[in-house]
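Raw contents of my_file-v4.cif, mmCIF, N, CA, C and O atoms:
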data_target
loop_
_atom_site.label_atom_id
_atom_site.label_comp_id
_atom_site.auth_asym_id
_atom_site.auth_seq_id
_atom_site.Cartn_x
_atom_site.Cartn_y
_atom_site.Cartn_z
N MET O 199 0.86 -1.18 0.00
CA MET O 199 0.00 0.00 0.00
C MET O 199 0.89 1.23 0.00
O MET O 199 1.96 1.23 0.60
N GLU O 200 0.41 2.25 -0.65
CA GLU O 200 1.16 3.50 -0.78
C GLU O 200 0.20 4.67 -0.62
O GLU O 200 -0.93 4.63 -1.09
N THR O 201 0.67 5.73 0.03
CA THR O 201 -0.10 6.95 0.17
C THR O 201 0.36 7.94 -0.89
O THR O 201 1.55 8.14 -1.09
N PHE O 202 -0.62 8.55 -1.57
CA PHE O 202 -0.36 9.55 -2.59
C PHE O 202 -1.15 10.79 -2.23
O PHE O 202 -2.37 10.73 -2.04
N VAL O 203 -0.47 11.93 -2.11
CA VAL O 203 -1.12 13.19 -1.73
C VAL O 203 -1.13 14.10 -2.95
O VAL O 203 -0.12 14.27 -3.64
N TYR O 204 -2.30 14.70 -3.19
CA TYR O 204 -2.48 15.60 -4.33
C TYR O 204 -3.14 16.89 -3.85
O TYR O 204 -4.07 16.84 -3.05
N ARG O 205 -2.65 18.01 -4.34
CA ARG O 205 -3.25 19.32 -4.02
C ARG O 205 -4.03 19.79 -5.24
O ARG O 205 -3.44 20.19 -6.25
N PRO O 206 -5.36 19.73 -5.18
CA PRO O 206 -6.19 20.10 -6.33
C PRO O 206 -6.11 21.58 -6.65
O PRO O 206 -5.77 22.40 -5.79
N LYS O 207 -6.41 21.90 -7.89
CA LYS O 207 -6.38 23.28 -8.37
C LYS O 207 -7.75 23.68 -8.90
O LYS O 207 -8.40 22.90 -9.59
N GLY O 208 -8.19 24.90 -8.57
CA GLY O 208 -9.43 25.44 -9.11
C GLY O 208 -10.70 24.94 -8.46
O GLY O 208 -11.79 25.13 -9.02
N VAL O 209 -10.59 24.30 -7.30
CA VAL O 209 -11.77 23.80 -6.59
C VAL O 209 -11.67 24.17 -5.11
O VAL O 209 -10.65 24.64 -4.64
N CYS O 210 -12.74 23.91 -4.38
CA CYS O 210 -12.78 24.24 -2.95
C CYS O 210 -11.93 23.31 -2.10
O CYS O 210 -11.40 23.73 -1.07
N SER O 211 -11.83 22.04 -2.49
CA SER O 211 -11.03 21.12 -1.69
C SER O 211 -9.56 21.50 -1.76
O SER O 211 -9.10 22.05 -2.75
N GLN O 212 -8.84 21.22 -0.68
CA GLN O 212 -7.46 21.67 -0.55
C GLN O 212 -6.44 20.55 -0.64
O GLN O 212 -5.29 20.78 -1.01
N GLN O 213 -6.85 19.34 -0.31
CA GLN O 213 -5.91 18.21 -0.36
C GLN O 213 -6.68 16.91 -0.52
O GLN O 213 -7.73 16.72 0.08
N MET O 214 -6.11 16.02 -1.33
CA MET O 214 -6.68 14.69 -1.53
C MET O 214 -5.59 13.68 -1.20
O MET O 214 -4.49 13.76 -1.75
N THR O 215 -5.89 12.76 -0.29
CA THR O 215 -4.93 11.74 0.10
C THR O 215 -5.51 10.37 -0.28
O THR O 215 -6.57 10.00 0.21
N PHE O 216 -4.79 9.69 -1.14
CA PHE O 216 -5.21 8.39 -1.65
C PHE O 216 -4.36 7.29 -1.02
O PHE O 216 -3.14 7.44 -0.95
N THR O 217 -4.97 6.21 -0.61
CA THR O 217 -4.24 5.00 -0.24
C THR O 217 -4.40 4.07 -1.43
O THR O 217 -5.52 3.66 -1.77
N MET O 218 -3.27 3.76 -2.07
CA MET O 218 -3.28 3.01 -3.31
C MET O 218 -2.66 1.62 -3.12
O MET O 218 -1.71 1.47 -2.36
N ASP O 219 -3.19 0.67 -3.83
CA ASP O 219 -2.66 -0.69 -3.87
C ASP O 219 -2.50 -1.01 -5.36
O ASP O 219 -3.42 -1.54 -5.99
N GLY O 220 -1.36 -0.59 -5.92
CA GLY O 220 -1.17 -0.69 -7.37
C GLY O 220 -2.15 0.25 -8.05
O GLY O 220 -2.16 1.44 -7.78
N ASP O 221 -3.01 -0.29 -8.94
CA ASP O 221 -3.98 0.55 -9.64
C ASP O 221 -5.36 0.51 -8.98
O ASP O 221 -6.35 0.92 -9.57
N ILE O 222 -5.41 0.07 -7.73
CA ILE O 222 -6.66 0.01 -6.97
C ILE O 222 -6.64 1.06 -5.87
O ILE O 222 -5.68 1.18 -5.12
N ILE O 223 -7.73 1.82 -5.78
CA ILE O 223 -7.89 2.83 -4.74
C ILE O 223 -8.47 2.14 -3.51
O ILE O 223 -9.57 1.60 -3.58
N ARG O 224 -7.74 2.15 -2.42
CA ARG O 224 -8.23 1.52 -1.19
C ARG O 224 -8.95 2.51 -0.28
O ARG O 224 -9.85 2.14 0.47
N ASP O 225 -8.54 3.79 -0.33
CA ASP O 225 -9.16 4.80 0.53
C ASP O 225 -8.84 6.18 -0.03
O ASP O 225 -7.80 6.37 -0.68
N VAL O 226 -9.73 7.13 0.20
CA VAL O 226 -9.52 8.53 -0.20
C VAL O 226 -10.01 9.41 0.94
O VAL O 226 -11.11 9.21 1.46
N LYS O 227 -9.19 10.38 1.30
CA LYS O 227 -9.59 11.40 2.28
C LYS O 227 -9.41 12.75 1.60
O LYS O 227 -8.37 13.02 1.01
N ILE O 228 -10.45 13.58 1.67
CA ILE O 228 -10.42 14.89 1.02
C ILE O 228 -10.66 15.96 2.07
O ILE O 228 -11.61 15.88 2.84
N VAL O 229 -9.77 16.96 2.07
CA VAL O 229 -9.87 18.07 3.01
C VAL O 229 -10.45 19.27 2.28
O VAL O 229 -9.97 19.65 1.21
N GLY O 230 -11.46 19.89 2.87
CA GLY O 230 -12.10 21.06 2.27
C GLY O 230 -13.20 20.62 1.30
O GLY O 230 -13.41 19.44 1.06
N GLY O 231 -13.90 21.59 0.76
CA GLY O 231 -14.96 21.29 -0.21
C GLY O 231 -16.27 20.94 0.48
O GLY O 231 -16.46 21.16 1.66
N CYS O 232 -17.18 20.38 -0.28
CA CYS O 232 -18.52 20.02 0.20
C CYS O 232 -18.43 18.69 0.94
O CYS O 232 -18.38 17.63 0.31
N ALA O 233 -18.40 18.74 2.25
CA ALA O 233 -18.10 17.57 3.09
C ALA O 233 -18.95 16.34 2.76
O ALA O 233 -18.41 15.25 2.57
N GLY O 234 -20.25 16.49 2.70
CA GLY O 234 -21.12 15.34 2.45
C GLY O 234 -20.89 14.73 1.08
O GLY O 234 -20.79 13.51 0.94
N ASN O 235 -20.81 15.57 0.06
CA ASN O 235 -20.57 15.07 -1.29
C ASN O 235 -19.24 14.35 -1.40
O ASN O 235 -19.14 13.27 -1.99
N LEU O 236 -18.21 14.95 -0.82
CA LEU O 236 -16.88 14.36 -0.93
C LEU O 236 -16.74 13.09 -0.11
O LEU O 236 -16.04 12.16 -0.52
N LEU O 237 -17.44 13.00 1.01
CA LEU O 237 -17.45 11.76 1.78
C LEU O 237 -18.12 10.66 0.96
O LEU O 237 -17.62 9.53 0.89
N GLY O 238 -19.22 11.00 0.31
CA GLY O 238 -19.91 10.03 -0.55
C GLY O 238 -19.04 9.58 -1.70
O GLY O 238 -18.94 8.38 -1.99
N ILE O 239 -18.36 10.51 -2.35
CA ILE O 239 -17.45 10.18 -3.45
C ILE O 239 -16.34 9.28 -2.94
O ILE O 239 -16.00 8.28 -3.58
N SER O 240 -15.77 9.61 -1.79
CA SER O 240 -14.69 8.79 -1.22
C SER O 240 -15.14 7.36 -1.00
O SER O 240 -14.39 6.41 -1.28
N ARG O 241 -16.36 7.19 -0.52
CA ARG O 241 -16.87 5.83 -0.29
C ARG O 241 -17.09 5.08 -1.60
O ARG O 241 -16.83 3.88 -1.69
N ILE O 242 -17.55 5.77 -2.62
CA ILE O 242 -17.77 5.15 -3.93
C ILE O 242 -16.45 4.70 -4.54
O ILE O 242 -16.39 3.68 -5.23
N LEU O 243 -15.37 5.45 -4.30
CA LEU O 243 -14.08 5.15 -4.91
C LEU O 243 -13.38 3.94 -4.29
O LEU O 243 -12.49 3.35 -4.93
N LYS O 244 -13.76 3.56 -3.10
CA LYS O 244 -13.09 2.46 -2.39
C LYS O 244 -13.11 1.18 -3.24
O LYS O 244 -14.15 0.75 -3.72
N ASP O 245 -11.90 0.64 -3.45
CA ASP O 245 -11.67 -0.62 -4.17
C ASP O 245 -11.95 -0.53 -5.68
O ASP O 245 -12.11 -1.56 -6.34
N LYS O 246 -11.97 0.68 -6.22
CA LYS O 246 -12.14 0.86 -7.67
C LYS O 246 -10.78 0.96 -8.35
O LYS O 246 -9.80 1.38 -7.75
N LYS O 247 -10.75 0.60 -9.62
CA LYS O 247 -9.53 0.72 -10.42
C LYS O 247 -9.40 2.16 -10.91
O LYS O 247 -10.39 2.84 -11.18
N ILE O 248 -8.16 2.62 -11.04
CA ILE O 248 -7.88 3.96 -11.53
C ILE O 248 -8.61 4.22 -12.84
O ILE O 248 -9.25 5.26 -13.02
N SER O 249 -8.54 3.29 -13.78
CA SER O 249 -9.10 3.50 -15.12
C SER O 249 -10.61 3.75 -15.08
O SER O 249 -11.11 4.63 -15.79
N GLU O 250 -11.35 3.03 -14.25
CA GLU O 250 -12.79 3.23 -14.21
C GLU O 250 -13.17 4.57 -13.58
O GLU O 250 -14.13 5.21 -14.00
N VAL O 251 -12.39 5.01 -12.59
CA VAL O 251 -12.67 6.30 -11.96
C VAL O 251 -12.31 7.43 -12.93
O VAL O 251 -13.08 8.38 -13.08
N MET O 252 -11.19 7.32 -13.59
CA MET O 252 -10.80 8.35 -14.55
C MET O 252 -11.85 8.49 -15.65
O MET O 252 -12.21 9.59 -16.04
N GLU O 253 -12.35 7.38 -16.15
CA GLU O 253 -13.36 7.40 -17.21
C GLU O 253 -14.63 8.11 -16.75
O GLU O 253 -15.22 8.89 -17.48
N ALA O 254 -15.05 7.85 -15.52
CA ALA O 254 -16.28 8.43 -15.00
C ALA O 254 -16.13 9.89 -14.59
O ALA O 254 -17.06 10.69 -14.75
N PHE O 255 -14.96 10.29 -14.07
CA PHE O 255 -14.80 11.61 -13.46
C PHE O 255 -14.14 12.65 -14.35
O PHE O 255 -14.32 13.85 -14.13
N HIS O 256 -13.36 12.23 -15.32
CA HIS O 256 -12.62 13.19 -16.15
C HIS O 256 -13.59 14.09 -16.92
O HIS O 256 -14.54 13.64 -17.54
N GLY O 257 -13.36 15.39 -16.82
CA GLY O 257 -14.14 16.37 -17.56
C GLY O 257 -15.39 16.87 -16.85
O GLY O 257 -16.09 17.73 -17.38
N VAL O 258 -15.69 16.36 -15.66
CA VAL O 258 -16.85 16.84 -14.90
C VAL O 258 -16.57 18.26 -14.44
O VAL O 258 -15.49 18.56 -13.94
N ARG O 259 -17.53 19.15 -14.64
CA ARG O 259 -17.36 20.55 -14.25
C ARG O 259 -18.27 20.89 -13.08
O ARG O 259 -19.29 20.27 -12.88
N CYS O 260 -17.86 21.90 -12.32
CA CYS O 260 -18.64 22.40 -11.19
C CYS O 260 -19.12 23.81 -11.54
O CYS O 260 -18.32 24.74 -11.54
N GLY O 261 -20.40 23.93 -11.86
CA GLY O 261 -20.93 25.24 -12.23
C GLY O 261 -20.18 25.82 -13.42
O GLY O 261 -20.00 25.16 -14.44
N MET O 262 -19.71 27.04 -13.26
CA MET O 262 -18.99 27.72 -14.34
C MET O 262 -17.49 27.44 -14.31
O MET O 262 -16.75 27.92 -15.16
N LYS O 263 -17.03 26.68 -13.34
CA LYS O 263 -15.60 26.36 -13.24
C LYS O 263 -15.22 25.39 -14.36
O LYS O 263 -16.03 24.58 -14.80
N ALA O 264 -13.98 25.43 -14.76
CA ALA O 264 -13.48 24.53 -15.80
C ALA O 264 -13.18 23.14 -15.26
O ALA O 264 -12.88 22.23 -16.03
N THR O 265 -13.30 22.96 -13.95
CA THR O 265 -12.99 21.68 -13.31
C THR O 265 -13.95 21.45 -12.16
O THR O 265 -14.88 22.22 -11.95
N SER O 266 -13.74 20.38 -11.42
CA SER O 266 -14.56 20.04 -10.25
C SER O 266 -13.74 19.12 -9.37
O SER O 266 -12.66 18.66 -9.77
N CYS O 267 -14.24 18.80 -8.19
CA CYS O 267 -13.53 17.83 -7.34
C CYS O 267 -13.42 16.47 -8.03
O CYS O 267 -12.34 15.89 -8.03
N PRO O 268 -14.50 15.94 -8.66
CA PRO O 268 -14.32 14.68 -9.37
C PRO O 268 -13.28 14.78 -10.50
O PRO O 268 -12.45 13.87 -10.66
N ASP O 269 -13.28 15.86 -11.24
CA ASP O 269 -12.28 16.04 -12.31
C ASP O 269 -10.87 16.11 -11.71
O ASP O 269 -9.93 15.55 -12.28
N GLN O 270 -10.73 16.76 -10.57
CA GLN O 270 -9.41 16.83 -9.92
C GLN O 270 -8.99 15.47 -9.38
O GLN O 270 -7.80 15.15 -9.37
N ILE O 271 -9.94 14.64 -8.97
CA ILE O 271 -9.62 13.26 -8.57
C ILE O 271 -9.06 12.52 -9.77
O ILE O 271 -8.05 11.82 -9.67
N ALA O 272 -9.70 12.67 -10.93
CA ALA O 272 -9.21 12.03 -12.15
C ALA O 272 -7.81 12.53 -12.49
O ALA O 272 -6.93 11.75 -12.87
N THR O 273 -7.57 13.83 -12.34
CA THR O 273 -6.26 14.41 -12.61
C THR O 273 -5.22 13.86 -11.64
O THR O 273 -4.10 13.53 -12.04
N ALA O 274 -5.59 13.73 -10.38
CA ALA O 274 -4.68 13.17 -9.37
C ALA O 274 -4.32 11.73 -9.71
O ALA O 274 -3.15 11.34 -9.66
N LEU O 275 -5.31 10.94 -10.09
CA LEU O 275 -5.06 9.54 -10.43
C LEU O 275 -4.21 9.41 -11.69
O LEU O 275 -3.36 8.52 -11.79
N GLN O 276 -4.40 10.33 -12.62
CA GLN O 276 -3.57 10.35 -13.82
C GLN O 276 -2.12 10.64 -13.45
O GLN O 276 -1.20 10.01 -13.96
N ALA O 277 -1.91 11.58 -12.54
CA ALA O 277 -0.56 11.92 -12.08
C ALA O 277 0.08 10.73 -11.36
O ALA O 277 1.25 10.43 -11.56
N TYR O 278 -0.71 10.04 -10.54
CA TYR O 278 -0.21 8.86 -9.83
C TYR O 278 0.20 7.78 -10.84
O TYR O 278 1.27 7.19 -10.73
N ALA O 279 -0.66 7.52 -11.80
CA ALA O 279 -0.38 6.50 -12.81
C ALA O 279 0.88 6.85 -13.61
O ALA O 279 1.71 5.98 -13.86
N LYS O 280 1.02 8.11 -13.97
CA LYS O 280 2.19 8.54 -14.72
C LYS O 280 3.46 8.37 -13.88
O LYS O 280 4.49 7.87 -14.36
N GLN O 281 3.39 8.75 -12.63
CA GLN O 281 4.53 8.64 -11.70
C GLN O 281 4.97 7.18 -11.55
O GLN O 281 6.14 6.90 -11.31
N HIS O 282 4.03 6.25 -11.69
CA HIS O 282 4.32 4.83 -11.52
C HIS O 282 4.40 4.08 -12.86
O HIS O 282 4.32 2.85 -12.88
N ASN O 283 4.50 4.83 -13.94
CA ASN O 283 4.63 4.25 -15.29
C ASN O 283 3.53 3.24 -15.60
O ASN O 283 3.78 2.20 -16.20
N MET O 284 2.31 3.56 -15.18
CA MET O 284 1.16 2.69 -15.47
C MET O 284 0.56 3.11 -16.81
O MET O 284 0.43 4.29 -17.08
N ASP O 285 0.18 2.15 -17.60
CA ASP O 285 -0.45 2.42 -18.89
C ASP O 285 -1.96 2.44 -18.69
O ASP O 285 -2.63 1.42 -18.78
N ILE O 286 -2.49 3.62 -18.38
CA ILE O 286 -3.91 3.76 -18.10
C ILE O 286 -4.61 4.41 -19.29
O ILE O 286 -4.19 5.34 -19.84
#

As structure tokens, please, write out the structure in this file.
Amino acid sequence: METFVYRPKGVCSQQMTFTMDGDIIRDVKIVGGCAGNLLGISRILKDKKISEVMEAFHGVRCGMKATSCPDQIATALQAYAKQHNMDI
């Protein structure tokens, strides 16, 4: 298991901490943002593969913003995969 910390950009949340087991997300903790929504998202992500989360979350926007917390989760997972030379 490995911990990966990501600082999102352009959203209310301030930090995303992922517990990763290869390409499987075991846990996510998000600081800041809409607490209830992000807790729900964190629970949904448990034991999911990076690829399925990226497919579902990439490009989601929040209101008039160019990004959202789900989109930033996809960006974080993309960065993790790149850092670990994963072909996602």

Please evaluate the PyMOL selection byres ((chain O and resi 253-255) around 6) against the displayed coordinates and give the resulting residues as a ChimeraX atom specification.
-> /O:248-252,256-258,268-270,272

Could you check the closest approach to Arg224 in chain O for each of O:Ile239, O:Tyr204, O:Asp245, O:Ser211 and tell me which residue wins, using all atoms listed in the file?
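Looking only at the distances to Arg224 in chain O, the closest residue turns out to be O:Asp245.
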
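The two atoms in question, atom N of Phe216 in chain O and atom N of Ile228 in chain O, are spaced 7.4 Å apart.
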
Evaluate the PyMOL selection byres ((chain O and resi 206) around 8) and record the selected residues as a ChimeraX atom specification, following the chain and residue labels used in the document. /O:203-205,207-214,229,266-267,270-271,274

Q | Output of the PyMOL selection byres (((chain O and resi 218 and name CA) around 10) and name CA), listed as a list in words | A |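 So the PyMOL selection byres (((chain O and resi 218 and name CA) around 10) and name CA) ends up selecting Met199, Glu200, Thr201, Phe202, Thr215, Phe216, Thr217, Asp219, Gly220, Asp221, Ile222, Ile223, Arg224, Asp225, Val226, Lys244, Asp245, Lys247, Ile248, Leu275 and Tyr278 of chain O.
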
- helix (DSSP H, G or I) residues, from DSSP on the backbone, in chain O, as a PyMOL selection string: chain O and resi 233-243+248-255+267-281

CA of Cys260 in chain O sits from atom C of Ala277 in chain O at a separation of 22.1 Å

Taken to one decimal, the CA of Lys246 in chain O-CA of Ala264 in chain O distance is 25.1 Å

Exercise. Determine which residues of chain O receive a DSSP assignment of strand (DSSP E), computed from the backbone, and state them as an NGL selection string.
Key: :O and (200-204 or 211-219 or 222-230 or 246-247)

Model the absent atoms of range 208-219 of chain O so that all heavy atoms are present, and write the result as a CSV table (one decimal), keeping the file's coordinate frame.
chain,number,residue,atom,x,y,z
O,208,GLY,N,-8.2,24.9,-8.6
O,208,GLY,CA,-9.4,25.4,-9.1
O,208,GLY,C,-10.7,24.9,-8.5
O,208,GLY,O,-11.8,25.1,-9.0
O,209,VAL,N,-10.6,24.3,-7.3
O,209,VAL,CA,-11.8,23.8,-6.6
O,209,VAL,C,-11.7,24.2,-5.1
O,209,VAL,O,-10.6,24.6,-4.6
O,209,VAL,CB,-11.9,22.3,-6.7
O,209,VAL,CG1,-12.2,21.9,-8.2
O,209,VAL,CG2,-10.7,21.5,-6.2
O,210,CYS,N,-12.7,23.9,-4.4
O,210,CYS,CA,-12.8,24.2,-3.0
O,210,CYS,C,-11.9,23.3,-2.1
O,210,CYS,O,-11.4,23.7,-1.1
O,210,CYS,CB,-14.2,24.2,-2.4
O,210,CYS,SG,-15.3,25.4,-3.3
O,211,SER,N,-11.8,22.0,-2.5
O,211,SER,CA,-11.0,21.1,-1.7
O,211,SER,C,-9.6,21.5,-1.8
O,211,SER,O,-9.1,22.0,-2.8
O,211,SER,CB,-11.3,19.7,-2.1
O,211,SER,OG,-10.9,19.5,-3.5
O,212,GLN,N,-8.8,21.2,-0.7
O,212,GLN,CA,-7.5,21.7,-0.6
O,212,GLN,C,-6.4,20.6,-0.6
O,212,GLN,O,-5.3,20.8,-1.0
O,212,GLN,CB,-7.3,22.4,0.8
O,212,GLN,CG,-8.2,23.6,0.9
O,212,GLN,CD,-8.6,23.9,2.4
O,212,GLN,OE1,-8.2,23.2,3.3
O,212,GLN,NE2,-9.3,24.9,2.6
O,213,GLN,N,-6.8,19.3,-0.3
O,213,GLN,CA,-5.9,18.2,-0.4
O,213,GLN,C,-6.7,16.9,-0.5
O,213,GLN,O,-7.7,16.7,0.1
O,213,GLN,CB,-5.1,18.2,0.9
O,213,GLN,CG,-4.1,17.0,0.9
O,213,GLN,CD,-3.2,17.1,2.1
O,213,GLN,OE1,-2.5,18.1,2.3
O,213,GLN,NE2,-3.1,16.0,2.9
O,214,MET,N,-6.1,16.0,-1.3
O,214,MET,CA,-6.7,14.7,-1.5
O,214,MET,C,-5.6,13.7,-1.2
O,214,MET,O,-4.5,13.8,-1.8
O,214,MET,CB,-7.1,14.5,-3.0
O,214,MET,CG,-8.2,15.5,-3.4
O,214,MET,SD,-8.6,15.4,-5.2
O,214,MET,CE,-10.0,16.5,-5.2
O,215,THR,N,-5.9,12.8,-0.3
O,215,THR,CA,-4.9,11.7,0.1
O,215,THR,C,-5.5,10.4,-0.3
O,215,THR,O,-6.6,10.0,0.2
O,215,THR,CB,-4.7,11.8,1.6
O,215,THR,OG1,-4.2,13.1,1.9
O,215,THR,CG2,-3.6,10.8,2.0
O,216,PHE,N,-4.8,9.7,-1.1
O,216,PHE,CA,-5.2,8.4,-1.6
O,216,PHE,C,-4.4,7.3,-1.0
O,216,PHE,O,-3.1,7.4,-1.0
O,216,PHE,CB,-5.0,8.3,-3.2
O,216,PHE,CG,-5.8,9.3,-3.9
O,216,PHE,CD1,-5.3,10.6,-4.1
O,216,PHE,CD2,-7.0,9.0,-4.5
O,216,PHE,CE1,-6.1,11.6,-4.8
O,216,PHE,CE2,-7.7,9.9,-5.2
O,216,PHE,CZ,-7.3,11.2,-5.4
O,217,THR,N,-5.0,6.2,-0.6
O,217,THR,CA,-4.2,5.0,-0.2
O,217,THR,C,-4.4,4.1,-1.4
O,217,THR,O,-5.5,3.7,-1.8
O,217,THR,CB,-4.8,4.4,1.0
O,217,THR,OG1,-4.7,5.3,2.1
O,217,THR,CG2,-4.0,3.1,1.4
O,218,MET,N,-3.3,3.8,-2.1
O,218,MET,CA,-3.3,3.0,-3.3
O,218,MET,C,-2.7,1.6,-3.1
O,218,MET,O,-1.7,1.5,-2.4
O,218,MET,CB,-2.5,3.8,-4.4
O,218,MET,CG,-3.0,5.2,-4.7
O,218,MET,SD,-4.7,5.2,-5.3
O,218,MET,CE,-4.5,4.4,-6.9
O,219,ASP,N,-3.2,0.7,-3.8
O,219,ASP,CA,-2.7,-0.7,-3.9
O,219,ASP,C,-2.5,-1.0,-5.4
O,219,ASP,O,-3.4,-1.5,-6.0
O,219,ASP,CB,-3.6,-1.6,-3.2
O,219,ASP,CG,-3.1,-3.1,-3.1
O,219,ASP,OD1,-2.0,-3.3,-3.5
O,219,ASP,OD2,-3.9,-3.9,-2.6
